[in-house]
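A.B. asks: Here it is, the structure in full.
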Protein chains: 2
Amino acid sequence: MKKEFEFIDYLRNQISDKPADLIAGIGDDAAIFTTPKNYQNLISTDLLIEDIHFKLEYTPANLLGYKALAVNLSDIAAMGGEAKYFLLSIARPKTLSDEFLIDLLSGMFELAKKYKVSLIGGDTSGSVNKLFLNLTILGESLVNQAVMRSGAKPGDEIYISGKLGGAALGLELLQKGKRLTDKSLTEIEKSALLAQLKAEPRLDLASQLVKNQLITAMIDISDGLSSDLGHICKESRVGAIIDSALLPLFDSARMDQALNGGEDYELLFTVPAEKASQIKELRVLFPNLTITKIGVITSDLTKWLIAQNGQTPLESRGYDHFG
Amino acid sequence: MKKEFEFIDYLRNQISDKPADLIAGIGDDAAIFTTPKNYQNLISTDLLIEDIHFKLEYTPANLLGYKALAVNLSDIAAMGGEAKYFLLSIARPKTLSDEFLIDLLSGMFELAKKYKVSLIGGDTSGSVNKLFLNLTILGESLVNQAVMRSGAKPGDEIYISGKLGGAALGLELLQKGKRLTDKSLTEIEKSALLAQLKAEPRLDLASQLVKNQLITAMIDISDGLSSDLGHICKESRVGAIIDSALLPLFDSARMDQALNGGEDYELLFTVPAEKASQIKELRVLFPNLTITKIGVITSDLTKWLIAQNGQTPLESRGYDHFG
């Protein structure tokens with residue numbers, strides 16, 4: 001698989017079912033797809049770069065492939081959409097084995113099958129000395145039903161799915177030398193490592209939230225709760241009060257990891273108070289996923305994050321890959 | 001502009017008109033757009049990587065930005081589509097100045113304005129030591145009117161826009177130390193350098209070819225004529241005979257540069273013989289662009305490229321960035 005054409009042929013052979021709306025996938029200058037009547041298109045793109053977003057020394061190839069697609073699917077989940085297609089750009093250093101590449105793709109296609117998303121294009125290249133991945137994800141939502149960051153209203157309750165801080169704790173453990181293959185790992189350590197190395201897109205939860213019209217705004221936790229809540233506040237022109245005592249911390253994670261760690265890929269969403277009872281009902285559908293109320297949207301733009309003592313406004317300190 | 005959010009705000013400020021079909025651009029987890037009735041979507045993605053696709057030592061930033069978008073637009077042109085939106089992923093080494101980045105974007109937005117394509121998303125990151133760009137382009141075409149590689153029929157005439165080999169000649173001159181800023185450059189050298197450092201997407205020509213329903217298959221010359229003609233032959237299950245004496249060589253370019261050099265981003269397309277006279281009429285609309293008949297599609301799959309002596313079958317030797 002040394003040649004680009006061989007690699008593309010390999011990818012084409014991985015693809016089984018052609019979705020009805022896909023006119024042409026890999027193999028032409030561009031893919032062609034139709035959008036069903038009454039639907040609109042969603043699109044997002046995410047970079048994953050060696051030694052910026054991950055290190056090869058501690059990253060199993062199949063989990064890297066899984067996570068690369070998961071973080072993109074998470075963006076579609078955050079819009080309340082249905083994921084449909086993806087494009088994969090991969091720049092491969094010569095030192096990277098065919099075996100690693102195939103394991104990476106195998107993890108990616110495992111997740112693609114789970115959510116029925118189809119690879120419809122991409123680009124490949126060599127790279128001087130780092131592995132670069134860029135995925136572009138396409139989704140759909142019914143016209144006017146995509147959930148944006150800008151819809152939160154004062155009085156809305158703020159909810160988060162799952163636990164926070166696990167990915168940051170996992171990264172800390174990896175940096176301390178812990179590895180998924182260590183036989184001495186505790187269960188908590190293993191879950192934290194997996195929280196960092198793998199991510200689960202919350203597409204099913206998002207779909208239920210949208211179907212039942214429960215939410216006014218949504219975002220996924222990629223940069224960290226403090227940053228991502230800040231995005232909702234900025235786009236919605238509102239403030240927020242979070243009671244940090246309510247934050248659902250990942251086992252053994254610290255408060256700063258939950259607030260600023262990022263990469264948890266949970267959903268943060270706002271619900272009008274009169275619909276709060278329906279969130280309770282929704283929890284029955286997701287027995288393995290916590291859905292926690294953590295605060296309320298306010299009209300006071302100057303405060304948007306309050307620590308446990310009810311006094312200290314915290315600053316956004318989410319991770320900045322760019323700086 | 002050291003922070004990711006500052007950079008994104010800078011990009012948002014570059015964007016002037018919001019197209020009617022764009023519901024939400026930069027600023028949410030995904031962009032939202034609708035597809036007009038009777039249209040289908042086109043999508044493609046391209047990597048541009050420092051020291052693989054370009055070297056900073058000889059690449060003016062604004063031309064790099066221009067070319068990065070141009071090669072993506074060229075993919076939409078090759079489908080006979082209209083370009084609409086793009087997404088930009090950029091991974092920036094710390095050594096790269098804000099000035100370089102702004103010049104790069106300025107070149108990119110210059111071309112974006114020319115063809116009315118809107119930036120609607122992207123991702124940014126640091127990079128350990130190389131500049132990485134990945135663009136994703138979205139376009140539209142009327143349902144069933146996109147031109148694929150697979151439609152060529154025996155007897156169709158083969159045409160190419162523009163001249164071939166200029167980009168390869170330009171690369172050779174750059175590698176020999178010639179620079180755009182050299183005052184001693186001849187006019188031919190300058191055009192060759194620009195053929196390598198800049199590319200012009202042939203969207204207007206493609207649009208006319210499709211509007212008049214003149215073509216059965218099309219591809220853009222990115223890997224080199226020999227490779228790209230090979231793609232048409234493979235997907236259409238046909239052969240081709242090219243008379244190399246007819247190839248429109250770029251001034252001072254050699255035959256091997258025209259056949260295998262790549263990066264010319266001209267359009268290669270096939271026309272049923274009975275429509276050949278309409279190609280002649282079309283030339284009037286494009287006084288500054290040659291449109292040259294170079295051969296014919298055959299049913300003999302074993303031969304698909306014949307040298308000037310009419311005997312020697314040539315092999316595909318287009319550039320492979322991946323190997």
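Ligands are numbered from 1 in the order shown, chains are lettered A, B, ... in the order of the structure tokens, and residues start at 1 in each chain.
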Write out as a ChimeraX atom specification which residues come within 9 Å of B:Ala195 when counting only C-alpha atoms, dropping same-chain ones fewer than 6 positions away.

C.D. replies: /B:165-171,263-264

A.B. asks: Among the residues of stretch 243-276 of chain B, find those DSSP assigns to strand (DSSP E or B) from the backbone and print them as a ChimeraX atom specification.

C.D. replies: /B:243,249,267-271

A.B. asks: Pull N, CA and C atoms from the residues just selected and write them as a short mmCIF file (atom, residue, chain, number, x, y, z; two decimals), in the first residue's frame.

C.D. replies:
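File produced: again02.cif:
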data_model
loop_
_atom_site.label_atom_id
_atom_site.label_comp_id
_atom_site.auth_asym_id
_atom_site.auth_seq_id
_atom_site.Cartn_x
_atom_site.Cartn_y
_atom_site.Cartn_z
N ASP B 243 -2.06 11.71 -29.60
CA ASP B 243 -0.93 12.02 -30.48
C ASP B 243 -0.11 13.10 -29.79
N LEU B 249 2.15 22.24 -25.60
CA LEU B 249 3.21 22.41 -24.60
C LEU B 249 3.33 23.86 -24.15
N LEU B 267 -8.32 21.46 -17.71
CA LEU B 267 -9.39 20.47 -17.84
C LEU B 267 -9.12 19.55 -19.03
N LEU B 268 -9.27 18.25 -18.78
CA LEU B 268 -9.19 17.22 -19.81
C LEU B 268 -10.60 16.69 -19.98
N PHE B 269 -11.14 16.75 -21.20
CA PHE B 269 -12.53 16.33 -21.36
C PHE B 269 -12.77 15.66 -22.71
N THR B 270 -13.85 14.87 -22.77
CA THR B 270 -14.16 14.10 -23.97
C THR B 270 -15.47 14.59 -24.58
N VAL B 271 -15.48 14.67 -25.90
CA VAL B 271 -16.58 15.29 -26.64
C VAL B 271 -17.03 14.32 -27.75
#

A.B. asks: Would you list the contacts of stretch 116-127 of chain B as an mmCIF file with N, CA and C atoms, in the first residue's frame, taking every protein, DNA or RNA residue within 6 Å and counting only C-alpha atoms, but skipping same-chain residues closer than 2 positions in sequence?

C.D. replies:
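Output saved as result02.cif:
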data_model
loop_
_atom_site.group_PDB
_atom_site.id
_atom_site.type_symbol
_atom_site.label_atom_id
_atom_site.label_comp_id
_atom_site.auth_asym_id
_atom_site.auth_seq_id
_atom_site.Cartn_x
_atom_site.Cartn_y
_atom_site.Cartn_z
ATOM 1 N N THR A 45 -15.451 20.310 10.119
ATOM 2 C CA THR A 45 -14.156 19.679 9.835
ATOM 3 C C THR A 45 -13.268 19.753 11.061
ATOM 4 N N ASP A 46 -12.454 18.735 11.287
ATOM 5 C CA ASP A 46 -11.572 18.683 12.459
ATOM 6 C C ASP A 46 -10.215 18.098 12.117
ATOM 7 N N HIS A 321 -5.309 24.953 20.961
ATOM 8 C CA HIS A 321 -4.328 24.219 20.162
ATOM 9 C C HIS A 321 -3.522 25.141 19.253
ATOM 10 N N PHE A 322 -4.049 26.323 19.011
ATOM 11 C CA PHE A 322 -3.499 27.184 17.972
ATOM 12 C C PHE A 322 -2.336 28.034 18.473
ATOM 13 N N GLY B 25 -22.861 30.073 8.963
ATOM 14 C CA GLY B 25 -21.487 29.805 8.544
ATOM 15 C C GLY B 25 -20.596 29.527 9.746
ATOM 16 N N ILE B 26 -19.436 30.180 9.784
ATOM 17 C CA ILE B 26 -18.510 29.996 10.904
ATOM 18 C C ILE B 26 -19.171 30.415 12.216
ATOM 19 N N LYS B 84 -19.521 26.788 -4.281
ATOM 20 C CA LYS B 84 -20.363 27.546 -3.367
ATOM 21 C C LYS B 84 -19.652 27.912 -2.050
ATOM 22 N N TYR B 85 -19.108 26.931 -1.368
ATOM 23 C CA TYR B 85 -18.561 27.142 -0.020
ATOM 24 C C TYR B 85 -17.222 26.424 0.119
ATOM 25 N N PHE B 86 -16.419 26.869 1.101
ATOM 26 C CA PHE B 86 -15.247 26.062 1.454
ATOM 27 C C PHE B 86 -14.984 26.104 2.948
ATOM 28 N N LEU B 87 -14.274 25.079 3.408
ATOM 29 C CA LEU B 87 -13.834 24.982 4.796
ATOM 30 C C LEU B 87 -12.311 24.924 4.784
ATOM 31 N N LEU B 88 -11.676 25.561 5.753
ATOM 32 C CA LEU B 88 -10.219 25.671 5.796
ATOM 33 C C LEU B 88 -9.677 25.113 7.105
ATOM 34 N N SER B 89 -8.867 24.073 7.018
ATOM 35 C CA SER B 89 -8.126 23.600 8.193
ATOM 36 C C SER B 89 -6.683 24.027 8.028
ATOM 37 N N ILE B 90 -6.148 24.625 9.072
ATOM 38 C CA ILE B 90 -4.782 25.129 8.982
ATOM 39 C C ILE B 90 -4.030 24.790 10.269
ATOM 40 N N ALA B 91 -2.893 24.133 10.099
ATOM 41 C CA ALA B 91 -2.025 23.807 11.238
ATOM 42 C C ALA B 91 -0.738 24.597 11.047
ATOM 43 N N ARG B 92 -0.463 25.438 12.023
ATOM 44 C CA ARG B 92 0.540 26.480 11.857
ATOM 45 C C ARG B 92 1.718 26.269 12.802
ATOM 46 N N PRO B 93 2.931 26.152 12.263
ATOM 47 C CA PRO B 93 4.102 26.074 13.146
ATOM 48 C C PRO B 93 4.333 27.417 13.830
ATOM 49 N N ALA B 112 -11.573 33.656 -3.626
ATOM 50 C CA ALA B 112 -12.927 33.328 -3.156
ATOM 51 C C ALA B 112 -13.931 34.362 -3.655
ATOM 52 N N LYS B 113 -13.521 35.620 -3.626
ATOM 53 C CA LYS B 113 -14.420 36.689 -4.102
ATOM 54 C C LYS B 113 -14.673 36.569 -5.593
ATOM 55 N N LYS B 114 -13.596 36.232 -6.338
ATOM 56 C CA LYS B 114 -13.696 36.128 -7.796
ATOM 57 C C LYS B 114 -14.780 35.128 -8.197
ATOM 58 N N ASN B 129 6.305 21.438 13.290
ATOM 59 C CA ASN B 129 7.286 22.136 12.453
ATOM 60 C C ASN B 129 6.977 22.269 10.962
#

A.B. asks: Taking only C-alpha atoms into account, which of A:Ser106, A:Gln14, A:Gln196, A:Asn41 comes nearest A:Leu142?

C.D. replies: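 Of A:Ser106, A:Gln14, A:Gln196, A:Asn41, the one nearest A:Leu142 is A:Asn41, counting only C-alpha atoms.
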
A.B. asks: When you draw a straight line from atom CA of B:Glu172 to atom CA of B:Leu225, how long is it in Å?

C.D. replies: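 Computed distance, atom CA of B:Glu172 to atom CA of B:Leu225, equals 17.8 Å.
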
A.B. asks: Identify, on the basis of only C-alpha atoms, every residue whose closest approach to stretch 48-55 of chain A does not exceed 9 Å; exclude the query and any residue fewer than 3 positions from it along the same chain; express the result as a ChimeraX atom specification.

C.D. replies: /A:58-59,64,68,130-135,197,321 /B:91,125-128

A.B. asks: Take the residues from that selection and put them in a file with C-alpha atoms, as a CSV table (one decimal), in the first residue's frame.

C.D. replies:
chain,number,residue,atom,x,y,z
A,58,TYR,CA,0.7,6.1,23.7
A,59,THR,CA,-2.1,6.0,21.1
A,64,LEU,CA,-7.0,7.0,17.0
A,68,ALA,CA,-10.8,11.0,14.7
A,130,LYS,CA,4.2,13.8,11.6
A,131,LEU,CA,0.9,12.1,11.0
A,132,PHE,CA,-1.8,14.5,10.1
A,133,LEU,CA,-5.5,13.7,9.9
A,134,ASN,CA,-8.3,16.0,8.8
A,135,LEU,CA,-11.9,14.7,8.6
A,197,LEU,CA,-8.0,7.9,23.7
A,321,HIS,CA,-4.3,24.2,20.2
B,91,ALA,CA,-2.0,23.8,11.2
B,125,SER,CA,-4.2,24.1,15.3
B,126,GLY,CA,-0.5,24.5,16.0
B,127,SER,CA,1.9,22.2,14.2
B,128,VAL,CA,5.3,21.0,15.5

A.B. asks: Among stretch 243-291 of chain A, which ones does DSSP assign to helix (DSSP H, G or I) (computed from the backbone)? Answer as a PyMOL selection string.

C.D. replies: chain A and resi 244-246+255-260+273-283

A.B. asks: Those residues you just picked out, can you put them in a file as a PDB file, in the first residue's frame with N, CA and C atoms?

C.D. replies:
ATOM      1  N   SER A 244     -20.628  24.752  40.691  1.00  0.00           N
ATOM      2  CA  SER A 244     -19.624  23.712  40.457  1.00  0.00           C
ATOM      3  C   SER A 244     -19.864  22.483  41.333  1.00  0.00           C
ATOM      4  N   ALA A 245     -20.637  22.653  42.425  1.00  0.00           N
ATOM      5  CA  ALA A 245     -20.971  21.489  43.260  1.00  0.00           C
ATOM      6  C   ALA A 245     -21.830  20.483  42.494  1.00  0.00           C
ATOM      7  N   LEU A 246     -22.493  20.969  41.446  1.00  0.00           N
ATOM      8  CA  LEU A 246     -23.367  20.077  40.673  1.00  0.00           C
ATOM      9  C   LEU A 246     -22.635  19.375  39.526  1.00  0.00           C
ATOM     10  N   MET A 255     -11.539  19.240  39.809  1.00  0.00           N
ATOM     11  CA  MET A 255     -12.437  20.284  39.318  1.00  0.00           C
ATOM     12  C   MET A 255     -11.844  21.032  38.122  1.00  0.00           C
ATOM     13  N   ASP A 256     -10.544  21.356  38.153  1.00  0.00           N
ATOM     14  CA  ASP A 256      -9.971  22.109  37.023  1.00  0.00           C
ATOM     15  C   ASP A 256      -9.981  21.275  35.740  1.00  0.00           C
ATOM     16  N   GLN A 257      -9.866  19.958  35.887  1.00  0.00           N
ATOM     17  CA  GLN A 257      -9.939  19.096  34.696  1.00  0.00           C
ATOM     18  C   GLN A 257     -11.359  19.081  34.124  1.00  0.00           C
ATOM     19  N   ALA A 258     -12.342  19.105  35.019  1.00  0.00           N
ATOM     20  CA  ALA A 258     -13.739  19.120  34.573  1.00  0.00           C
ATOM     21  C   ALA A 258     -14.083  20.462  33.917  1.00  0.00           C
ATOM     22  N   LEU A 259     -13.556  21.544  34.463  1.00  0.00           N
ATOM     23  CA  LEU A 259     -13.899  22.874  33.954  1.00  0.00           C
ATOM     24  C   LEU A 259     -13.135  23.237  32.688  1.00  0.00           C
ATOM     25  N   ASN A 260     -11.857  22.865  32.644  1.00  0.00           N
ATOM     26  CA  ASN A 260     -10.996  23.390  31.583  1.00  0.00           C
ATOM     27  C   ASN A 260     -10.299  22.334  30.750  1.00  0.00           C
ATOM     28  N   ALA A 273     -37.248  26.034  31.302  1.00  0.00           N
ATOM     29  CA  ALA A 273     -37.609  25.457  32.610  1.00  0.00           C
ATOM     30  C   ALA A 273     -38.870  24.599  32.535  1.00  0.00           C
ATOM     31  N   GLU A 274     -39.828  25.016  31.703  1.00  0.00           N
ATOM     32  CA  GLU A 274     -41.093  24.262  31.655  1.00  0.00           C
ATOM     33  C   GLU A 274     -40.942  22.881  31.011  1.00  0.00           C
ATOM     34  N   LYS A 275     -39.783  22.654  30.395  1.00  0.00           N
ATOM     35  CA  LYS A 275     -39.584  21.336  29.768  1.00  0.00           C
ATOM     36  C   LYS A 275     -38.677  20.425  30.606  1.00  0.00           C
ATOM     37  N   ALA A 276     -38.285  20.916  31.771  1.00  0.00           N
ATOM     38  CA  ALA A 276     -37.330  20.161  32.589  1.00  0.00           C
ATOM     39  C   ALA A 276     -37.854  18.772  32.945  1.00  0.00           C
ATOM     40  N   SER A 277     -39.161  18.666  33.157  1.00  0.00           N
ATOM     41  CA  SER A 277     -39.706  17.356  33.544  1.00  0.00           C
ATOM     42  C   SER A 277     -39.509  16.326  32.430  1.00  0.00           C
ATOM     43  N   GLN A 278     -39.490  16.807  31.179  1.00  0.00           N
ATOM     44  CA  GLN A 278     -39.300  15.866  30.066  1.00  0.00           C
ATOM     45  C   GLN A 278     -37.874  15.325  30.000  1.00  0.00           C
ATOM     46  N   ILE A 279     -36.929  16.109  30.539  1.00  0.00           N
ATOM     47  CA  ILE A 279     -35.556  15.599  30.609  1.00  0.00           C
ATOM     48  C   ILE A 279     -35.516  14.396  31.544  1.00  0.00           C
ATOM     49  N   LYS A 280     -36.268  14.503  32.647  1.00  0.00           N
ATOM     50  CA  LYS A 280     -36.327  13.366  33.576  1.00  0.00           C
ATOM     51  C   LYS A 280     -36.809  12.104  32.859  1.00  0.00           C
ATOM     52  N   GLU A 281     -37.845  12.279  32.031  1.00  0.00           N
ATOM     53  CA  GLU A 281     -38.371  11.112  31.300  1.00  0.00           C
ATOM     54  C   GLU A 281     -37.345  10.543  30.322  1.00  0.00           C
ATOM     55  N   LEU A 282     -36.585  11.465  29.724  1.00  0.00           N
ATOM     56  CA  LEU A 282     -35.601  11.039  28.724  1.00  0.00           C
ATOM     57  C   LEU A 282     -34.511  10.163  29.338  1.00  0.00           C
ATOM     58  N   ARG A 283     -34.229  10.402  30.608  1.00  0.00           N
ATOM     59  CA  ARG A 283     -33.139   9.654  31.264  1.00  0.00           C
ATOM     60  C   ARG A 283     -33.377   8.155  31.213  1.00  0.00           C
TER      61      ARG A 283
END

A.B. asks: I'd like the interatomic distance between atom CA of B:His231 and atom CA of B:Ser150, to a tenth of an Å.

C.D. replies: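 One can read the atom CA of B:His231 to atom CA of B:Ser150 distance as 8.7 Å.
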